[in-house]
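Asker: Sharing a structure below in structure tokens format, with a few things to ask.
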Amino acid sequence: MSRPGDILLSVKDISLRFGGVRALTDVSFDIHEGEIFAIIGPNGAGKSSMLNCINGFYHPQDGTITFKGEERRQMRPHEAAAQGISRTFQNIALFKGMTTLENVMTGRMLKMRASFVEQAFYMLRGRQEEIAHREKVEEVIDFLEIQSIRKTPVGRLPYGLQKRVELARALAAEPQLLLLDEPMAGMNVEEKEDMCRFVLSTNHELGTTIALIEHDMGVVMDLSDRVVVLDYGKKLAEGTPDEVRGNQDVIDAYLGVSHD
Amino acid sequence: METLYLIFIDPFVQMVVEPAFLVEVLIGGLTSGIMYSLVALGFVLIFKASGIFNFAQGIFVLFAALNFVGLMDLGVHPILAFVITIGIMTALAFVVDRLVLRPLVNQDPIILFMATIGIAFFLEGFGETLWGGDVRPVRVGIPDAALFWELGFGEVLVQSADLFAGVIAAFLVTVLALFFHFTPVGRALRAVADDHQAALSVGIPLNNIWVIVWAVAGFVALAAGIMWGAKLGVQFALSTIALKALPVLILGGFTSIPGAIIGGLIVGAGEKLFENYWGVPLLGGATEDWFAYIVAMIFLFFRPQGLFGEKIIERV
């Protein structure tokens, strides 16, 4: 299933420390255009920290991140979003007081071009824009099959659906790189199957490059084109699911062989 | 027996016997209530957007009014003075963001709260240095006359200034509510209020939003300051009146705009009714100063999140 495209995102020698704790040490990998790339590893391996570095929540002390050929040391989250990086969170971060529709609409925030004053007073250009964005948002809502909950405040939705709304919000921004932090965590089998289907069709039909963190090994092996394994903040292995599965270091890390 | 009669029966008999007086009391209460709402609104805006309880909001009201009146006393046209004061409040928002909020970002809420207390004292002193400590009347041409309304059951005396203030406040409150619900900027503001992390991830720059919110809160403070100033003169005691917003917030909920409005009306009407029907005959009056706080305290026992606050749900 591997489709080698151009390198979209390149992570080079990233090191991240919180005080004395080394969350990441010299981690490097490339994500190619159009692939589904998984970051796996035991708890506390630094997977979420890695995603947080990519979208600018954390600023690594060393190393560089190159996105679309542009090298940078650090970036603010809203700049990353403007560059085309969207994400979802491990413990859902939705706007709980708003409806599904409003939540997804916030994903379009950066695409709005009308000036602040025009928006504030809802002038002609502001209104035309609003309509155009609504259409795009409805497309995403159809794509993820959440039409029936458009007007429901998301705080009231069951967990699985909230995860889907979060994905919808990320997709509404038409990202080039989509970061999913444990998209299937806490879901039942049926919800997991749905989510897998949506992740795959996002990749196939919309052509979005996806980097995801996931604990369910079955899901990872089925979905991803390539996998990187982290343990104690270091890269253990990288390759296709089959390559990684046979790697002795990886097996040790998961089965808990003592580190000497 | 006598006391029980005075508490439970007599007040209601009075209300029925003299409905015109009741209407007067209610109108007086509601008009001062809507002005409490305006002050409370400033608190809610900032609390929603940044999770900071801005203790300085009361001083904002005073500071805005001081600047406005000060400029007018220098001979500036009221409209120009209004615009300049909005500029000053926006600049103030910018300075607060740069000098106080940004360096303290990610600190505990209590630290930020302490910082706003600091801002409050600084502004109080700074305002006095700039404009002096005298009581200054506001002359913006708000009509001040006693109107007599002939209703079916008697004649009602209404102050036109009260009515005017009520109308302006109601208008402002409506505009803000529409702004929050139907514009993209309003949506961004609500998004930030709801979840900082999610807001960042969809590309909302938090800092800009904070400046906007503090500036809007400054604008609301100016409106409230002018209204109160027109009623009582611009004086430093205004910052104490502004603290009435606290019981209003406890009643309405710290995160709800409609809550701030309705809470203000309830407090305003409630304290006037209590003063006239229970306070004066039973306690000799002067209950207006503390009544709202007692109500707020009782409210905390039964509904700590306020009438419209977000339900406190603990998911385990």
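Lettering and numbering for the structure tokens are positional, with chains as A, B, ... in the shown order, residues counted from 1 in each chain, and ligands counted from 1 in the shown order.
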I want to know what sits within 10 Å of A:Asn52, based on only C-alpha atoms, with residues of the same chain fewer than 3 positions away left out; could you give that as an MDAnalysis selection string?

Answerer: chainID A and resid 46:49 55:60 77 87 89 179 181

Asker: Any chance you can output those residues with N, CA and C atoms as a PDB file, in the first residue's frame?

Answerer:
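This is the output file result09.pdb:
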```
ATOM      1  N   GLY A  46       6.533   9.516  24.466  1.00  0.00           N
ATOM      2  CA  GLY A  46       6.748  10.829  23.844  1.00  0.00           C
ATOM      3  C   GLY A  46       5.952  11.040  22.574  1.00  0.00           C
ATOM      4  N   LYS A  47       4.943  10.198  22.363  1.00  0.00           N
ATOM      5  CA  LYS A  47       4.160  10.292  21.117  1.00  0.00           C
ATOM      6  C   LYS A  47       3.395  11.605  21.032  1.00  0.00           C
ATOM      7  N   SER A  48       2.644  11.908  22.106  1.00  0.00           N
ATOM      8  CA  SER A  48       1.870  13.156  22.092  1.00  0.00           C
ATOM      9  C   SER A  48       2.792  14.371  22.058  1.00  0.00           C
ATOM     10  N   SER A  49       3.912  14.284  22.761  1.00  0.00           N
ATOM     11  CA  SER A  49       4.874  15.390  22.743  1.00  0.00           C
ATOM     12  C   SER A  49       5.320  15.667  21.309  1.00  0.00           C
ATOM     13  N   ASN A  55       2.689  20.667  15.801  1.00  0.00           N
ATOM     14  CA  ASN A  55       1.706  21.727  15.586  1.00  0.00           C
ATOM     15  C   ASN A  55       1.946  22.959  16.465  1.00  0.00           C
ATOM     16  N   GLY A  56       3.103  22.997  17.118  1.00  0.00           N
ATOM     17  CA  GLY A  56       3.514  24.248  17.743  1.00  0.00           C
ATOM     18  C   GLY A  56       3.082  24.461  19.180  1.00  0.00           C
ATOM     19  N   PHE A  57       2.450  23.446  19.814  1.00  0.00           N
ATOM     20  CA  PHE A  57       2.116  23.612  21.228  1.00  0.00           C
ATOM     21  C   PHE A  57       3.383  23.588  22.078  1.00  0.00           C
ATOM     22  N   TYR A  58       4.325  22.707  21.693  1.00  0.00           N
ATOM     23  CA  TYR A  58       5.610  22.649  22.383  1.00  0.00           C
ATOM     24  C   TYR A  58       6.701  23.167  21.458  1.00  0.00           C
ATOM     25  N   HIS A  59       7.690  23.766  22.057  1.00  0.00           N
ATOM     26  CA  HIS A  59       8.823  24.232  21.273  1.00  0.00           C
ATOM     27  C   HIS A  59      10.057  23.435  21.657  1.00  0.00           C
ATOM     28  N   PRO A  60      10.524  22.546  20.759  1.00  0.00           N
ATOM     29  CA  PRO A  60      11.683  21.716  21.088  1.00  0.00           C
ATOM     30  C   PRO A  60      12.932  22.567  21.257  1.00  0.00           C
ATOM     31  N   PRO A  77       1.009  27.797  17.474  1.00  0.00           N
ATOM     32  CA  PRO A  77      -0.062  26.920  17.011  1.00  0.00           C
ATOM     33  C   PRO A  77      -0.915  27.540  15.897  1.00  0.00           C
ATOM     34  N   ARG A  87      -5.477  19.278  13.709  1.00  0.00           N
ATOM     35  CA  ARG A  87      -5.293  18.148  14.608  1.00  0.00           C
ATOM     36  C   ARG A  87      -6.529  17.862  15.453  1.00  0.00           C
ATOM     37  N   PHE A  89      -7.447  15.833  19.415  1.00  0.00           N
ATOM     38  CA  PHE A  89      -6.777  15.647  20.692  1.00  0.00           C
ATOM     39  C   PHE A  89      -7.118  14.311  21.335  1.00  0.00           C
ATOM     40  N   LEU A 179      -3.196  15.678  12.018  1.00  0.00           N
ATOM     41  CA  LEU A 179      -2.619  14.963  13.153  1.00  0.00           C
ATOM     42  C   LEU A 179      -3.747  14.413  14.013  1.00  0.00           C
ATOM     43  N   ASP A 181      -4.518  12.378  17.446  1.00  0.00           N
ATOM     44  CA  ASP A 181      -3.951  11.847  18.677  1.00  0.00           C
ATOM     45  C   ASP A 181      -4.927  10.834  19.273  1.00  0.00           C
TER      46      ASP A 181
END
```

Asker: Could you give me, as a PyMOL selection string, the residues within 12 Å of stretch 247-252 of chain A, counting only C-alpha atoms and dropping anything in the same chain fewer than 4 positions from it?

Answerer: chain A and resi 40-42+227-231+234-243+256-259

Asker: Write a file of the selected residues as a JSON list (two decimals), in the first residue's frame, keeping C-alpha atoms.

Answerer:
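Here's the written file selection_12.json:
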```
[["chain", "number", "residue", "atom", "x", "y", "z"],
["A", 40, "ILE", "CA", 3.42, 4.17, 18.24],
["A", 41, "GLY", "CA", 5.12, 3.25, 21.47],
["A", 42, "PRO", "CA", 4.41, 2.36, 25.09],
["A", 227, "VAL", "CA", 5.17, 3.37, 11.31],
["A", 228, "VAL", "CA", 7.69, 4.95, 13.65],
["A", 229, "VAL", "CA", 8.19, 3.44, 17.11],
["A", 230, "LEU", "CA", 9.20, 5.61, 20.05],
["A", 231, "ASP", "CA", 10.30, 4.43, 23.47],
["A", 234, "LYS", "CA", 13.93, 7.86, 21.41],
["A", 235, "LYS", "CA", 13.26, 6.41, 18.02],
["A", 236, "LEU", "CA", 13.34, 2.64, 18.17],
["A", 237, "ALA", "CA", 12.39, 1.70, 14.65],
["A", 238, "GLU", "CA", 10.78, 3.01, 11.48],
["A", 239, "GLY", "CA", 9.34, 1.22, 8.49],
["A", 240, "THR", "CA", 6.31, -0.56, 7.08],
["A", 241, "PRO", "CA", 4.03, -2.30, 9.58],
["A", 242, "ASP", "CA", 5.56, -5.67, 8.66],
["A", 243, "GLU", "CA", 9.11, -4.48, 9.12],
["A", 256, "GLY", "CA", 9.00, -4.99, 28.79],
["A", 257, "VAL", "CA", 12.53, -6.34, 28.64],
["A", 258, "SER", "CA", 14.66, -4.50, 31.20],
["A", 259, "HIS", "CA", 16.80, -1.65, 29.90]]
```

Asker: Compile a residue-level contact table for stretch 4-112 of chain B against stretch 175-181 of chain B at a cut-off of 12 Å, reporting for every qualifying residue the shortest atom pair and its distance in Å to one decimal, with only C-alpha atoms counted, rows ordered by chain and ascending number, as a Markdown table.

Answerer:
```
| residue | atom | partner | partner_atom | distance |
| --- | --- | --- | --- | --- |
| B:Leu38 | CA | B:Leu176 | CA | 10.8 |
| B:Leu41 | CA | B:Leu176 | CA | 9.5 |
| B:Gly42 | CA | B:Leu176 | CA | 10.9 |
| B:Val44 | CA | B:Leu176 | CA | 11.9 |
| B:Leu45 | CA | B:Leu176 | CA | 10.0 |
| B:Lys48 | CA | B:Phe180 | CA | 11.6 |
| B:Ala49 | CA | B:Phe180 | CA | 11.5 |
```

Asker: So that each row is one residue of chain A with an atom at most 6 Å from chain B, can you give its shortest atom pair and the distance in Å to one decimal, using only C-alpha atoms, rows by chain and rising number, as CSV?

Answerer:
```
residue,atom,partner,partner_atom,distance
A:Pro77,CA,B:Leu200,CA,5.8
A:His78,CA,B:Gly203,CA,3.8
A:Ala81,CA,B:Gly203,CA,5.0
A:Ala93,CA,B:Ala198,CA,5.2
A:Phe95,CA,B:Asp194,CA,5.2
A:Gly107,CA,B:Val202,CA,5.5
A:Ala120,CA,B:Thr183,CA,5.7
```

Asker: Take the selection from the previous step and output its residues with N, CA and C atoms, as a PDB file, in the first residue's frame.

Answerer:
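Heads up, here's the output in part_14.pdb:
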```pdb
ATOM      1  N   PRO A  77       1.009  27.797  17.474  1.00  0.00           N
ATOM      2  CA  PRO A  77      -0.062  26.920  17.011  1.00  0.00           C
ATOM      3  C   PRO A  77      -0.915  27.540  15.897  1.00  0.00           C
ATOM      4  N   HIS A  78      -1.212  28.836  16.021  1.00  0.00           N
ATOM      5  CA  HIS A  78      -2.095  29.395  14.980  1.00  0.00           C
ATOM      6  C   HIS A  78      -1.363  29.554  13.657  1.00  0.00           C
ATOM      7  N   ALA A  81      -1.526  26.112  12.111  1.00  0.00           N
ATOM      8  CA  ALA A  81      -2.861  25.934  11.540  1.00  0.00           C
ATOM      9  C   ALA A  81      -2.961  26.665  10.204  1.00  0.00           C
ATOM     10  N   ALA A  93     -10.984  18.000  22.613  1.00  0.00           N
ATOM     11  CA  ALA A  93     -11.037  19.431  22.911  1.00  0.00           C
ATOM     12  C   ALA A  93     -12.015  20.098  21.946  1.00  0.00           C
ATOM     13  N   PHE A  95     -15.583  22.669  21.488  1.00  0.00           N
ATOM     14  CA  PHE A  95     -16.250  23.787  22.140  1.00  0.00           C
ATOM     15  C   PHE A  95     -17.598  23.258  22.628  1.00  0.00           C
ATOM     16  N   GLY A 107     -13.595  25.528  12.328  1.00  0.00           N
ATOM     17  CA  GLY A 107     -12.479  25.011  11.535  1.00  0.00           C
ATOM     18  C   GLY A 107     -12.183  25.887  10.326  1.00  0.00           C
ATOM     19  N   ALA A 120     -17.482  41.886  11.825  1.00  0.00           N
ATOM     20  CA  ALA A 120     -18.166  42.330  13.031  1.00  0.00           C
ATOM     21  C   ALA A 120     -19.540  42.902  12.684  1.00  0.00           C
TER      22      ALA A 120
END
```

Asker: Calculated over only C-alpha atoms, which of the candidates B:Ala224, B:Gly154, B:Lys244, B:Phe113 has the smallest distance to B:Val17?

Answerer: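 So, comparing all the options, the nearest one is B:Gly154.
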
Asker: What gap, in Å, lies between atom CA of B:Pro258 and atom CA of B:Lys272?

Answerer: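 Taking atom CA of B:Pro258 as the start and atom CA of B:Lys272 as the end point, the length is 21.4 Å.
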
Asker: Pick the closest to A:Arg76 from B:Ile168, B:Phe94, B:Gly118, B:Asn207: which is it, counting only C-alpha atoms?

Answerer: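 So, comparing all the options, the nearest one is B:Asn207.
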
Asker: Do a neighbour search on B:Tyr5 at 12 Å with only C-alpha atoms, toss out local chain neighbours closer than 4 positions, and write the hits as a list in words.

Answerer: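 The contact residues come out as Met1, Ile9, Asp10, Pro11, Phe12, Val13, Trp278, Pro281 and Leu282 of chain B.
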
Asker: Within 10 Å of A:Met195, counting only C-alpha atoms, which residues qualify if same-chain residues fewer than 3 places away don't, as a list in words?

Answerer: Leu144, Gly160, Leu161, Lys163, Arg164, Leu167, Pro183, Met184, Met187, Val189, Glu190, Glu191, Lys192, Phe198, Val199, Leu200 and Ser201 of chain A

Asker: So which residues touch A:Glu70 within 10 Å, counting only C-alpha atoms, skipping near sequence neighbours fewer than 4 positions away, as an NGL selection string?

Answerer: :A and (8-10 or 65-66)

Asker: Just the selected residues (C-alpha atoms), exported as a tab-separated table (two decimals), in the first residue's frame, please.

Answerer:
```tsv
chain	number	residue	atom	x	y	z
A	8	LEU	CA	5.72	16.73	3.27
A	9	LEU	CA	7.09	16.97	6.77
A	10	SER	CA	10.56	16.23	7.92
A	65	ILE	CA	10.95	20.67	11.55
A	66	THR	CA	10.58	21.17	7.82
```

Asker: With DSSP run on the backbone, what are the helix (DSSP H, G or I) residues within stretch 15-256 of chain A? I'd like them as a PyMOL selection string.

Answerer: chain A and resi 47-54+77-83+100-106+109-111+116-120+124-143+147-149+154-156+159-172+189-205+217-223+241-245+248-255

Asker: How many Å lie between atom CA of A:Met98 and atom CA of A:Pro158, rounded to one decimal?

Answerer: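 The value is 14.9 Å.
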
Asker: At a cut-off of 9 Å, using only C-alpha atoms, what residues contact stretch 130-135 of chain B? Leave out same-chain residues fewer than 3 positions from it and give the result as a PyMOL selection string.

Answerer: chain B and resi 66-67+70+125-127+232-236

Asker: Can you write just those residues out, C-alpha atoms, as a PDB file, in the first residue's frame?

Answerer:
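Writing the result to part.pdb gives the following:
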```pdb
ATOM      1  CA  LEU B  66     -13.264  59.964  34.761  1.00  0.00           C
ATOM      2  CA  ASN B  67     -11.575  60.263  31.396  1.00  0.00           C
ATOM      3  CA  GLY B  70     -12.348  65.078  32.412  1.00  0.00           C
ATOM      4  CA  GLY B 125      -4.465  56.079  41.940  1.00  0.00           C
ATOM      5  CA  PHE B 126      -3.579  56.938  38.360  1.00  0.00           C
ATOM      6  CA  GLY B 127      -7.085  58.227  37.705  1.00  0.00           C
ATOM      7  CA  LEU B 232     -24.666  60.123  40.935  1.00  0.00           C
ATOM      8  CA  GLY B 233     -21.837  62.220  39.517  1.00  0.00           C
ATOM      9  CA  VAL B 234     -18.484  60.718  38.702  1.00  0.00           C
ATOM     10  CA  GLN B 235     -16.890  59.926  42.035  1.00  0.00           C
ATOM     11  CA  PHE B 236     -14.608  57.316  43.491  1.00  0.00           C
TER      12      PHE B 236
END
```
